[in-house]
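Chemist: Here you go, this is protein.txt (compact mmCIF, C-alpha atoms and all ligand atoms).
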```txt
# COMPACT_ATOMS: atom_id res chain seq x y z
CA MET A 1 -103.03 143.84 67.33
CA ASN A 2 -103.81 142.04 70.57
CA THR A 3 -101.05 141.10 72.95
CA LEU A 4 -100.54 137.34 72.81
CA LEU A 5 -99.58 136.84 76.43
CA VAL A 6 -99.56 139.32 79.30
CA ALA A 7 -97.67 138.27 82.41
CA LYS A 8 -98.53 140.70 85.17
CA ASP A 9 -96.69 140.77 88.51
CA VAL A 10 -96.16 137.02 88.33
CA LYS A 11 -94.65 135.33 91.38
CA ALA A 12 -93.63 131.68 91.66
CA TYR A 13 -91.57 130.36 94.56
CA TYR A 14 -89.93 127.00 95.32
CA SER A 15 -90.75 125.71 98.76
CA SER A 16 -87.78 124.30 100.64
CA PRO A 17 -87.21 123.22 104.25
CA LYS A 18 -85.60 126.62 104.85
CA GLY A 19 -88.43 128.67 103.36
CA PHE A 20 -89.43 129.99 99.94
CA VAL A 21 -86.92 130.48 97.15
CA ARG A 22 -88.26 133.48 95.25
CA ALA A 23 -87.28 132.35 91.76
CA VAL A 24 -89.81 134.50 89.88
CA ASP A 25 -90.82 137.49 91.94
CA GLY A 26 -93.08 140.07 90.36
CA VAL A 27 -92.34 139.63 86.66
CA THR A 28 -94.35 141.73 84.21
CA LEU A 29 -93.87 141.02 80.52
CA ASP A 30 -95.96 141.47 77.37
CA ILE A 31 -95.48 139.19 74.39
CA ASN A 32 -96.88 140.53 71.13
CA PRO A 33 -97.40 138.81 67.78
CA GLY A 34 -94.16 139.05 65.79
CA ASP A 35 -91.99 139.32 68.90
CA VAL A 36 -88.92 137.29 69.61
CA VAL A 37 -88.42 138.15 73.26
CA GLY A 38 -84.99 137.25 74.56
CA VAL A 39 -84.74 136.62 78.29
CA ALA A 40 -81.16 136.96 79.51
CA GLY A 41 -79.40 136.78 82.85
CA GLU A 42 -76.89 134.79 84.89
CA SER A 43 -77.51 131.20 86.01
CA GLY A 44 -80.01 131.05 88.85
CA CYS A 45 -81.71 134.36 87.98
CA GLY A 46 -85.05 132.59 87.45
CA LYS A 47 -85.22 132.62 83.65
CA SER A 48 -85.72 128.84 83.26
CA THR A 49 -88.37 128.86 85.98
CA LEU A 50 -90.05 131.71 84.11
CA SER A 51 -90.18 129.58 80.94
CA ASN A 52 -92.36 127.05 82.75
CA VAL A 53 -94.38 129.61 84.67
CA LEU A 54 -95.36 131.48 81.46
CA MET A 55 -97.26 128.36 80.37
CA MET A 56 -98.44 127.55 83.91
CA ASN A 57 -96.38 124.39 84.06
CA VAL A 58 -96.05 124.74 87.80
CA GLN A 59 -95.61 121.68 89.98
CA PRO A 60 -94.30 121.20 93.53
CA PRO A 61 -91.90 122.23 94.89
CA LEU A 62 -92.64 125.22 92.62
CA LYS A 63 -95.73 127.13 93.70
CA PHE A 64 -97.58 129.87 91.83
CA VAL A 65 -97.87 132.64 94.40
CA GLY A 66 -99.58 135.47 92.52
CA GLY A 67 -100.14 137.47 89.38
CA LYS A 68 -101.96 137.06 86.08
CA LEU A 69 -101.10 135.23 82.86
CA ILE A 70 -103.60 136.45 80.29
CA LEU A 71 -103.43 134.38 77.12
CA GLU A 72 -105.22 135.84 74.09
CA GLY A 73 -108.47 134.02 73.38
CA VAL A 74 -108.14 131.80 76.45
CA GLY A 75 -108.07 133.95 79.60
CA ASP A 76 -106.05 133.92 82.79
CA LEU A 77 -104.02 130.69 82.91
CA ALA A 78 -103.26 131.34 86.57
CA VAL A 79 -106.85 130.61 87.59
CA MET A 80 -107.47 127.68 85.24
CA GLU A 81 -107.24 124.08 86.42
CA ARG A 82 -103.97 122.42 85.49
CA GLN A 83 -105.76 119.69 83.50
CA LYS A 84 -107.60 122.31 81.47
CA VAL A 85 -104.39 124.23 80.72
CA LYS A 86 -102.70 120.98 79.75
CA ALA A 87 -105.54 119.94 77.42
CA GLN A 88 -106.31 123.34 75.88
CA VAL A 89 -103.02 125.20 75.86
CA TRP A 90 -99.87 123.06 75.97
CA GLY A 91 -98.58 122.16 72.55
CA LYS A 92 -101.56 123.82 70.83
CA VAL A 93 -101.26 127.45 71.92
CA ILE A 94 -97.99 127.53 73.87
CA ALA A 95 -95.23 124.99 73.36
CA LEU A 96 -91.93 124.57 75.18
CA VAL A 97 -88.56 123.51 73.83
CA PRO A 98 -86.97 122.27 77.05
CA GLN A 99 -83.39 122.85 78.06
CA SER A 100 -82.03 119.40 77.28
CA ALA A 101 -83.09 118.09 73.86
CA LEU A 102 -81.76 114.61 74.65
CA ASN A 103 -83.95 114.29 77.73
CA ALA A 104 -86.98 115.43 75.75
CA LEU A 105 -86.80 112.33 73.54
CA ILE A 106 -87.08 108.71 74.69
CA PRO A 107 -83.82 106.82 74.02
CA THR A 108 -85.60 103.53 73.23
CA ARG A 109 -88.18 105.02 70.83
CA LYS A 110 -87.47 106.06 67.26
CA VAL A 111 -88.31 109.71 66.60
CA GLY A 112 -91.35 108.86 64.43
CA ALA A 113 -92.71 106.38 66.98
CA PHE A 114 -92.24 108.93 69.75
CA ILE A 115 -94.22 111.51 67.77
CA LYS A 116 -97.04 109.00 67.18
CA ASP A 117 -97.13 108.25 70.93
CA VAL A 118 -97.30 111.93 71.83
CA LEU A 119 -99.93 112.90 69.25
CA GLY A 120 -101.95 109.76 69.92
CA TYR A 121 -101.96 110.42 73.66
CA HIS A 122 -102.67 114.14 73.58
CA LEU A 123 -104.80 114.50 70.45
CA LYS A 124 -106.07 110.98 69.92
CA LEU A 125 -104.61 111.21 66.39
CA ASP A 126 -104.20 107.86 64.68
CA ALA A 127 -100.68 106.78 63.70
CA ARG A 128 -101.16 107.49 59.98
CA LYS A 129 -102.25 111.09 60.56
CA ALA A 130 -99.51 111.68 63.12
CA SER A 131 -96.94 110.35 60.70
CA ALA A 132 -98.21 112.58 57.86
CA LEU A 133 -98.15 115.63 60.13
CA ALA A 134 -94.59 114.88 61.24
CA GLN A 135 -93.35 114.30 57.70
CA ARG A 136 -94.83 117.58 56.49
CA ARG A 137 -93.35 119.61 59.34
CA PHE A 138 -89.92 117.97 58.97
CA GLN A 139 -89.92 118.81 55.25
CA GLU A 140 -91.03 122.40 55.92
CA LEU A 141 -88.18 122.84 58.36
CA GLY A 142 -85.56 121.23 56.12
CA LEU A 143 -85.07 118.13 58.25
CA PRO A 144 -84.49 114.81 56.44
CA VAL A 145 -87.66 112.72 56.70
CA GLU A 146 -85.44 109.64 57.33
CA THR A 147 -84.72 111.16 60.75
CA LEU A 148 -88.14 109.89 61.82
CA ALA A 149 -86.84 106.32 61.54
CA LYS A 150 -83.84 106.95 63.80
CA TYR A 151 -83.22 106.59 67.52
CA PRO A 152 -82.12 109.73 69.37
CA HIS A 153 -78.60 108.33 69.93
CA GLN A 154 -78.16 108.06 66.15
CA LEU A 155 -78.53 111.84 65.79
CA SER A 156 -76.00 114.59 66.46
CA GLY A 157 -76.68 117.05 69.28
CA GLY A 158 -77.67 119.74 66.77
CA MET A 159 -80.03 117.41 64.90
CA ARG A 160 -81.65 116.29 68.17
CA GLN A 161 -82.24 119.91 69.07
CA ARG A 162 -83.79 120.66 65.67
CA VAL A 163 -85.97 117.53 65.96
CA VAL A 164 -87.24 118.64 69.37
CA ILE A 165 -88.04 122.10 67.97
CA ALA A 166 -89.92 120.52 65.05
CA ILE A 167 -91.91 118.30 67.44
CA ALA A 168 -92.76 121.27 69.68
CA THR A 169 -94.23 123.11 66.69
CA LEU A 170 -96.23 120.24 65.14
CA LEU A 171 -99.52 121.83 66.16
CA ASN A 172 -98.56 125.38 65.12
CA PRO A 173 -98.57 126.88 68.63
CA LYS A 174 -98.99 130.64 68.73
CA LEU A 175 -96.16 131.02 71.22
CA LEU A 176 -92.97 128.97 71.35
CA ILE A 177 -90.85 129.15 74.49
CA ALA A 178 -87.29 127.88 74.08
CA ASP A 179 -85.10 127.38 77.14
CA GLU A 180 -81.36 127.64 76.34
CA PRO A 181 -81.84 125.93 72.96
CA THR A 182 -78.31 126.65 71.76
CA SER A 183 -76.25 126.31 74.93
CA ALA A 184 -74.74 122.86 74.27
CA LEU A 185 -74.08 123.42 70.55
CA ASP A 186 -71.02 124.48 68.57
CA VAL A 187 -71.13 127.79 66.72
CA SER A 188 -72.08 126.45 63.28
CA THR A 189 -74.86 124.28 64.74
CA GLN A 190 -76.08 127.27 66.74
CA LYS A 191 -76.47 129.15 63.46
CA GLN A 192 -78.60 126.34 61.98
CA VAL A 193 -80.83 126.29 65.05
CA LEU A 194 -81.24 130.08 65.01
CA LYS A 195 -82.12 129.91 61.31
CA MET A 196 -84.78 127.37 62.16
CA PHE A 197 -86.33 129.66 64.77
CA LEU A 198 -86.39 132.56 62.31
CA HIS A 199 -87.96 130.30 59.69
CA LEU A 200 -90.71 129.33 62.15
CA LYS A 201 -91.56 132.98 62.55
CA THR A 202 -91.26 134.14 58.94
CA GLU A 203 -93.35 131.19 57.75
CA HIS A 204 -95.97 132.01 60.43
CA ILE A 205 -95.72 128.54 61.93
CA VAL A 206 -95.52 130.34 65.29
CA ARG A 207 -96.53 133.94 66.01
CA ALA A 208 -94.04 134.76 68.75
CA ILE A 209 -91.02 133.24 70.47
CA VAL A 210 -89.59 133.60 73.96
CA PHE A 211 -85.90 132.71 73.72
CA ILE A 212 -84.13 132.13 77.02
CA THR A 213 -80.35 132.24 77.15
CA HIS A 214 -77.39 133.64 79.04
CA ASP A 215 -75.78 134.53 75.69
CA ILE A 216 -76.51 138.10 74.61
CA ALA A 217 -74.53 137.72 71.36
CA ILE A 218 -76.92 134.91 70.34
CA LEU A 219 -79.93 137.00 71.26
CA ARG A 220 -78.75 139.85 69.10
CA GLN A 221 -79.06 137.57 66.08
CA ILE A 222 -82.68 136.67 66.74
CA ALA A 223 -84.47 138.82 69.33
CA THR A 224 -86.64 141.85 68.64
CA ARG A 225 -86.88 142.66 72.36
CA ILE A 226 -84.83 141.71 75.39
CA ALA A 227 -85.71 141.29 79.06
CA ILE A 228 -82.82 141.29 81.51
CA MET A 229 -83.51 139.21 84.61
CA TYR A 230 -81.70 139.38 87.92
CA ALA A 231 -82.60 137.58 91.15
CA GLY A 232 -86.13 136.71 90.06
CA LYS A 233 -87.00 140.14 88.66
CA VAL A 234 -86.92 141.86 85.28
CA MET A 235 -84.49 144.76 85.63
CA GLU A 236 -84.76 146.18 82.12
CA VAL A 237 -86.89 145.32 79.10
CA GLY A 238 -86.91 146.98 75.73
CA PRO A 239 -86.21 146.79 72.01
CA MET A 240 -83.08 144.69 71.44
CA GLU A 241 -80.95 147.31 69.70
CA ALA A 242 -81.98 150.13 72.04
CA VAL A 243 -80.97 148.09 75.09
CA ILE A 244 -77.66 146.91 73.59
CA GLN A 245 -76.64 150.34 72.36
CA ARG A 246 -78.00 152.40 75.23
CA PRO A 247 -78.37 150.18 78.31
CA VAL A 248 -79.70 152.01 81.33
CA HIS A 249 -79.74 149.57 84.24
CA PRO A 250 -76.30 148.97 85.83
CA TYR A 251 -76.84 145.21 85.69
CA THR A 252 -77.63 145.35 81.96
CA CYS A 253 -74.42 147.34 81.47
CA SER A 254 -72.39 144.76 83.42
CA LEU A 255 -73.92 141.88 81.49
CA ILE A 256 -73.29 143.48 78.12
CA ARG A 257 -69.74 144.47 79.06
CA SER A 258 -68.91 140.94 80.22
CA VAL A 259 -69.71 139.14 76.95
CA LEU A 260 -66.79 137.07 75.76
CA THR A 261 -67.23 137.85 72.08
CA PRO A 262 -67.50 141.60 72.28
CA GLU A 263 -70.02 143.30 70.08
CA PRO A 264 -68.70 146.50 68.41
CA GLU A 265 -70.45 148.76 70.94
CA VAL A 266 -69.04 146.70 73.80
CA LYS A 267 -65.54 146.87 72.37
CA GLU A 268 -65.76 150.64 72.56
CA ARG A 269 -66.77 150.58 76.20
CA GLY A 270 -64.36 147.76 77.11
CA LEU A 271 -64.89 144.40 78.79
CA SER A 272 -65.49 144.28 82.52
CA HIS A 273 -66.14 141.73 85.20
CA LEU A 274 -69.08 141.99 87.58
CA ALA A 275 -67.79 141.37 91.10
CA GLY A 276 -69.75 139.33 93.65
CA ASP A 277 -72.39 136.65 93.32
CA PRO A 278 -76.14 136.77 92.77
CA PRO A 279 -78.08 136.83 96.06
CA ASP A 280 -79.57 133.87 97.87
CA LEU A 281 -83.21 133.93 96.80
CA LEU A 282 -84.25 132.45 100.14
CA GLN A 283 -83.38 135.80 101.64
CA PRO A 284 -83.00 138.36 98.86
CA PRO A 285 -81.60 141.76 99.80
CA ALA A 286 -84.02 144.50 100.76
CA GLY A 287 -84.55 147.36 98.34
CA CYS A 288 -83.03 146.84 94.90
CA ARG A 289 -81.86 143.24 94.65
CA PHE A 290 -78.81 144.32 92.71
CA HIS A 291 -77.61 146.85 95.30
CA PRO A 292 -74.90 144.67 96.94
CA ARG A 293 -73.12 144.45 93.56
CA CYS A 294 -74.12 147.75 92.02
CA PRO A 295 -71.28 150.25 91.50
CA GLN A 296 -73.81 153.11 91.51
CA SER A 297 -75.83 152.09 94.56
CA MET A 298 -77.33 154.91 96.62
CA ALA A 299 -78.80 154.95 100.13
CA ILE A 300 -82.37 154.59 98.91
CA CYS A 301 -81.41 151.49 96.87
CA THR A 302 -80.87 149.52 100.08
CA GLN A 303 -84.27 150.46 101.50
CA GLU A 304 -86.99 150.32 98.87
CA ALA A 305 -87.39 148.41 95.62
CA PRO A 306 -87.11 150.85 92.71
CA PRO A 307 -90.23 151.56 90.65
CA VAL A 308 -90.51 150.50 87.01
CA VAL A 309 -90.00 153.57 84.83
CA GLY A 310 -90.92 153.88 81.15
CA LEU A 311 -88.21 155.37 78.94
CA GLY A 312 -89.91 155.44 75.60
CA LYS A 313 -91.74 152.98 73.44
CA ASP A 314 -91.60 149.56 75.08
CA HIS A 315 -88.48 150.36 77.13
CA PHE A 316 -88.81 149.95 80.91
CA VAL A 317 -86.22 150.02 83.66
CA SER A 318 -86.36 149.32 87.37
CA CYS A 319 -83.65 151.58 88.80
CA TYR A 320 -83.41 154.81 90.81
CA LEU A 321 -80.75 156.16 88.45
CA VAL A 322 -83.44 156.84 85.86
CA LEU A 323 -85.33 159.03 88.30
CA GLU A 324 -82.09 160.95 88.89
CA GLY A 325 -81.75 161.45 85.13
CA CYS A 326 -78.58 159.32 85.00
CA GLN A 327 -77.67 156.04 83.37
CA CYS A 328 -74.95 153.46 83.79
FE1 LIG B 401 -78.00 150.23 91.36
FE2 LIG B 401 -79.76 151.53 92.84
FE3 LIG B 401 -80.24 151.17 90.27
FE4 LIG B 401 -80.37 149.15 91.95
S1 LIG B 401 -81.71 150.94 91.94
S2 LIG B 401 -79.38 149.15 90.00
S3 LIG B 401 -78.72 149.61 93.36
S4 LIG B 401 -78.58 152.39 91.17
```
Do you think you could lay out the structure here as structure tokens?
Modeler:
Amino acid sequence: MNTLLVAKDVKAYYSSPKGFVRAVDGVTLDINPGDVVGVAGESGCGKSTLSNVLMMNVQPPLKFVGGKLILEGVGDLAVMERQKVKAQVWGKVIALVPQSALNALIPTRKVGAFIKDVLGYHLKLDARKASALAQRRFQELGLPVETLAKYPHQLSGGMRQRVVIAIATLLNPKLLIADEPTSALDVSTQKQVLKMFLHLKTEHIVRAIVFITHDIAILRQIATRIAIMYAGKVMEVGPMEAVIQRPVHPYTCSLIRSVLTPEPEVKERGLSHLAGDPPDLLQPPAGCRFHPRCPQSMAICTQEAPPVVGLGKDHFVSCYLVLEGCQC
């Protein structure tokens, strides 16, 4: 089966008066059909920027600096004109569920009218067809069709989020990227939203999902693979259960051990707190970016960035410990 999206050594920096903020700095990630790839990391690690970069939604002050984004059947998005990517890819092949569902809707437009506007503008669909498409998708996803006649402020936070997810998938995109889709929701609403994502995949409405969150416990309920980001880089990527049960990178270990609702494996190892703050991405540390906070840092870690080492099927780690035959 072909890989849906290959991100290879992707770099995207924000320009600022003080220089470049290296928000995404050499990210390599494959997304295969059937995958739910969780991207986890602390605030400011670059994961939200990555969500936009993966679909080449790059606008100043963000600048695409290098790398490839090979989308199956389309080619390298990084070299395509923005207008072409917008017309051929966004919504149709890759769709984004943005971080704030409320901001994604227009407060003065009813949900159904908003959908007609969007589909009319992007696809030149007439109102009747747009309405039929919306009704069918809402029914498929278990959303009351009456929701289409409501204003966003008449909906709960959870319902708004589910509406935004339904809108993002109206055109059956192959890849759905969701940026912190559960962060502002209570636990029972989170469960409904996760169920909706799983339904999208099992019903083949989408072929793969990239799910961005800081919450590893949430990811464990939905992700097949996990990528751990730190300071603009992927530190470890692998099958979800393998990474949770046998993390290798010291940052992955810290992140897993700091979850507030401990998973059984974490309970055994005990909770811990990761001292220090993430680095300033205007001037990231030399060598391994995690070295100022790493309890296992060695001399070489301060000098050269560690290579990416394969540990088995689909499991890769960027850390010198692996070369020493150790793990965290
Ligand atoms: Fe720690 Fe060195 Fe591994 Fe970086 S490369 S995580 S500093 S041991």
Chemist: By how many Å are atom CA of Ile167 of chain A and atom CA of Ala134 of chain A apart?
Modeler: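 Calculated distance between atom CA of Ile167 of chain A and atom CA of Ala134 of chain A is 7.6 Å.
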Chemist: Within 8 Å of ligand LIG 401 (chain B), counting all atoms listed in the file: which residues, as a short mmCIF file (atom, residue, chain, number, x, y, z; two decimals) with C-alpha atoms, in the coordinates of the input?
Modeler:
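Done, and the output landed in out11.cif:
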```cif
data_model
loop_
_atom_site.label_atom_id
_atom_site.label_comp_id
_atom_site.auth_asym_id
_atom_site.auth_seq_id
_atom_site.Cartn_x
_atom_site.Cartn_y
_atom_site.Cartn_z
CA HIS A 249 -79.74 149.57 84.24
CA PRO A 250 -76.30 148.97 85.83
CA TYR A 251 -76.84 145.21 85.69
CA GLY A 287 -84.55 147.36 98.34
CA CYS A 288 -83.03 146.84 94.90
CA ARG A 289 -81.86 143.24 94.65
CA PHE A 290 -78.81 144.32 92.71
CA HIS A 291 -77.61 146.85 95.30
CA PRO A 292 -74.90 144.67 96.94
CA ARG A 293 -73.12 144.45 93.56
CA CYS A 294 -74.12 147.75 92.02
CA PRO A 295 -71.28 150.25 91.50
CA GLN A 296 -73.81 153.11 91.51
CA SER A 297 -75.83 152.09 94.56
CA MET A 298 -77.33 154.91 96.62
CA ILE A 300 -82.37 154.59 98.91
CA CYS A 301 -81.41 151.49 96.87
CA THR A 302 -80.87 149.52 100.08
CA ALA A 305 -87.39 148.41 95.62
CA PRO A 306 -87.11 150.85 92.71
CA SER A 318 -86.36 149.32 87.37
CA CYS A 319 -83.65 151.58 88.80
CA TYR A 320 -83.41 154.81 90.81
CA LEU A 321 -80.75 156.16 88.45
CA VAL A 322 -83.44 156.84 85.86
#
```
Chemist: Env of Pro173 of chain A: 7 Å cut, atoms = only C-alpha atoms, seq-sep filter 2 positions within chain, self excluded. Answer as a ChimeraX atom specification.
Modeler: /A:91-95,169,171,175-176,206
Chemist: Give me, as a list in words, all polymer residues having an atom no more than 6 Å from segment 44-52 of chain A, counting all atoms listed in the file and skipping those fewer than 3 positions away in the same chain.
Modeler: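 Here the qualifying residues turn out to be Ala23, Val24, Met55, Asn57, Tyr230, Ala231 and Gly232 of chain A.
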Chemist: Choose the residue, out of A:Val237, A:Leu141, A:Ile177, A:Ala78, that has the smallest atom-to-atom separation from Val210 of chain A; count only C-alpha atoms.
Modeler: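 Using only C-alpha atoms, the shortest distance to Val210 of chain A belongs to A:Ile177.
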Chemist: Give me the residues within 12 Å of Ser183 of chain A as a PDB file with C-alpha atoms, in the frame of the given file, counting only C-alpha atoms and dropping any in the same chain fewer than 3 places off.
Modeler:
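Writing done, so here's out-v4.pdb:
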```
ATOM      1  CA  PRO A  98     -86.970 122.270  77.050  1.00  0.00           C
ATOM      2  CA  GLN A  99     -83.390 122.850  78.060  1.00  0.00           C
ATOM      3  CA  SER A 100     -82.030 119.400  77.280  1.00  0.00           C
ATOM      4  CA  ALA A 101     -83.090 118.090  73.860  1.00  0.00           C
ATOM      5  CA  GLY A 157     -76.680 117.050  69.280  1.00  0.00           C
ATOM      6  CA  GLY A 158     -77.670 119.740  66.770  1.00  0.00           C
ATOM      7  CA  GLN A 161     -82.240 119.910  69.070  1.00  0.00           C
ATOM      8  CA  ALA A 178     -87.290 127.880  74.080  1.00  0.00           C
ATOM      9  CA  ASP A 179     -85.100 127.380  77.140  1.00  0.00           C
ATOM     10  CA  GLU A 180     -81.360 127.640  76.340  1.00  0.00           C
ATOM     11  CA  ASP A 186     -71.020 124.480  68.570  1.00  0.00           C
ATOM     12  CA  VAL A 187     -71.130 127.790  66.720  1.00  0.00           C
ATOM     13  CA  THR A 189     -74.860 124.280  64.740  1.00  0.00           C
ATOM     14  CA  GLN A 190     -76.080 127.270  66.740  1.00  0.00           C
ATOM     15  CA  LYS A 191     -76.470 129.150  63.460  1.00  0.00           C
ATOM     16  CA  VAL A 193     -80.830 126.290  65.050  1.00  0.00           C
ATOM     17  CA  LEU A 194     -81.240 130.080  65.010  1.00  0.00           C
ATOM     18  CA  PHE A 211     -85.900 132.710  73.720  1.00  0.00           C
ATOM     19  CA  ILE A 212     -84.130 132.130  77.020  1.00  0.00           C
ATOM     20  CA  THR A 213     -80.350 132.240  77.150  1.00  0.00           C
ATOM     21  CA  HIS A 214     -77.390 133.640  79.040  1.00  0.00           C
ATOM     22  CA  ASP A 215     -75.780 134.530  75.690  1.00  0.00           C
ATOM     23  CA  ILE A 216     -76.510 138.100  74.610  1.00  0.00           C
ATOM     24  CA  ILE A 218     -76.920 134.910  70.340  1.00  0.00           C
ATOM     25  CA  LEU A 219     -79.930 137.000  71.260  1.00  0.00           C
TER      26      LEU A 219
END
```
Chemist: If you measure from atom CA of Asp117 of chain A to atom CA of Thr147 of chain A, what distance in Å do you get, rounded to one decimal?
Modeler: 16.3 Å
Chemist: By how many Å are atom CA of Leu54 of chain A and atom CA of Gln245 of chain A apart?
Modeler: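 Interatomic distance here is 28.1 Å.
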Chemist: Using only C-alpha atoms, find the one residue out of A:Lys174, A:Arg136, A:Arg162, A:His315 that sits nearest to Pro33 of chain A.
Modeler: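 Closest residue, counting only C-alpha atoms: A:Lys174.
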Chemist: Ranking A:Val65, A:Gly73, A:Arg160, A:Asp126 by minimum distance to Asn103 of chain A and counting only C-alpha atoms, which one comes first?
Modeler: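 With only C-alpha atoms as the atom set, the closest residue is A:Arg160.
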Chemist: Using only C-alpha atoms, which of A:Lys86, A:Arg257, A:Arg225, A:Lys150 sits nearest Phe316 of chain A?
Modeler: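 For Phe316 of chain A, the nearest of the candidates is A:Arg225.
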Chemist: For each of A:Ala87, A:Leu155, A:Leu69, A:Ile226, take the minimum atom-to-atom distance to Leu4 of chain A, counting all atoms listed in the file, then give the residue where this is smallest.
Modeler: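 The answer is A:Leu69, which sits nearest to Leu4 of chain A.
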Chemist: Rank A:Ala184, A:Val21, A:Leu123, A:Cys253 by their smallest atom-to-atom distance to Leu62 of chain A, using all atoms listed in the file, and report the top residue only.
Modeler: A:Val21
Chemist: Excluding segment 127-133 of chain A and its own-chain neighbours fewer than 2 positions away, which residues fall within 10 Å of it when counting only C-alpha atoms? Please give them as a short mmCIF file (atom, residue, chain, number, x, y, z; two decimals) with C-alpha atoms, in the coordinates of the input.
Modeler:
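Below is the file that was written, out_36.cif:
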```
data_model
loop_
_atom_site.label_atom_id
_atom_site.label_comp_id
_atom_site.auth_asym_id
_atom_site.auth_seq_id
_atom_site.Cartn_x
_atom_site.Cartn_y
_atom_site.Cartn_z
CA GLY A 112 -91.35 108.86 64.43
CA ALA A 113 -92.71 106.38 66.98
CA ILE A 115 -94.22 111.51 67.77
CA LYS A 116 -97.04 109.00 67.18
CA ASP A 117 -97.13 108.25 70.93
CA VAL A 118 -97.30 111.93 71.83
CA LEU A 119 -99.93 112.90 69.25
CA GLY A 120 -101.95 109.76 69.92
CA LEU A 123 -104.80 114.50 70.45
CA LYS A 124 -106.07 110.98 69.92
CA LEU A 125 -104.61 111.21 66.39
CA GLN A 135 -93.35 114.30 57.70
CA ARG A 136 -94.83 117.58 56.49
CA ARG A 137 -93.35 119.61 59.34
CA PHE A 138 -89.92 117.97 58.97
CA LEU A 148 -88.14 109.89 61.82
CA ILE A 167 -91.91 118.30 67.44
CA LEU A 170 -96.23 120.24 65.14
CA LEU A 171 -99.52 121.83 66.16
#
```
Chemist: Could all heavy atoms be built for segment 75-79 of chain A and written out as a PDB file, in the frame of the given file?
Modeler:
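Result went into rebuild.pdb, see below:
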```
ATOM      1  N   GLY A  75    -107.793 133.384  78.281  1.00  0.00           N
ATOM      2  CA  GLY A  75    -108.070 133.950  79.600  1.00  0.00           C
ATOM      3  C   GLY A  75    -106.862 133.817  80.508  1.00  0.00           C
ATOM      4  O   GLY A  75    -105.733 133.631  80.043  1.00  0.00           O
ATOM      5  N   ASP A  76    -107.134 133.925  81.807  1.00  0.00           N
ATOM      6  CA  ASP A  76    -106.050 133.920  82.790  1.00  0.00           C
ATOM      7  C   ASP A  76    -105.656 132.474  83.137  1.00  0.00           C
ATOM      8  O   ASP A  76    -106.396 131.762  83.834  1.00  0.00           O
ATOM      9  CB  ASP A  76    -106.514 134.673  84.048  1.00  0.00           C
ATOM     10  CG  ASP A  76    -105.378 134.866  85.055  1.00  0.00           C
ATOM     11  OD1 ASP A  76    -104.255 134.362  84.797  1.00  0.00           O
ATOM     12  OD2 ASP A  76    -105.612 135.511  86.092  1.00  0.00           O
ATOM     13  N   LEU A  77    -104.491 132.062  82.661  1.00  0.00           N
ATOM     14  CA  LEU A  77    -104.020 130.690  82.910  1.00  0.00           C
ATOM     15  C   LEU A  77    -103.833 130.425  84.406  1.00  0.00           C
ATOM     16  O   LEU A  77    -103.934 129.292  84.862  1.00  0.00           O
ATOM     17  CB  LEU A  77    -102.680 130.430  82.204  1.00  0.00           C
ATOM     18  CG  LEU A  77    -102.631 130.612  80.688  1.00  0.00           C
ATOM     19  CD1 LEU A  77    -101.255 130.214  80.158  1.00  0.00           C
ATOM     20  CD2 LEU A  77    -103.706 129.790  80.005  1.00  0.00           C
ATOM     21  N   ALA A  78    -103.557 131.504  85.145  1.00  0.00           N
ATOM     22  CA  ALA A  78    -103.260 131.340  86.570  1.00  0.00           C
ATOM     23  C   ALA A  78    -104.456 130.835  87.360  1.00  0.00           C
ATOM     24  O   ALA A  78    -104.291 130.275  88.441  1.00  0.00           O
ATOM     25  CB  ALA A  78    -102.762 132.661  87.151  1.00  0.00           C
ATOM     26  N   VAL A  79    -105.668 131.049  86.839  1.00  0.00           N
ATOM     27  CA  VAL A  79    -106.850 130.610  87.590  1.00  0.00           C
ATOM     28  C   VAL A  79    -107.492 129.372  86.949  1.00  0.00           C
ATOM     29  O   VAL A  79    -108.523 128.898  87.419  1.00  0.00           O
ATOM     30  CB  VAL A  79    -107.899 131.740  87.749  1.00  0.00           C
ATOM     31  CG1 VAL A  79    -107.320 132.901  88.550  1.00  0.00           C
ATOM     32  CG2 VAL A  79    -108.404 132.236  86.400  1.00  0.00           C
TER      33      VAL A  79
END
```
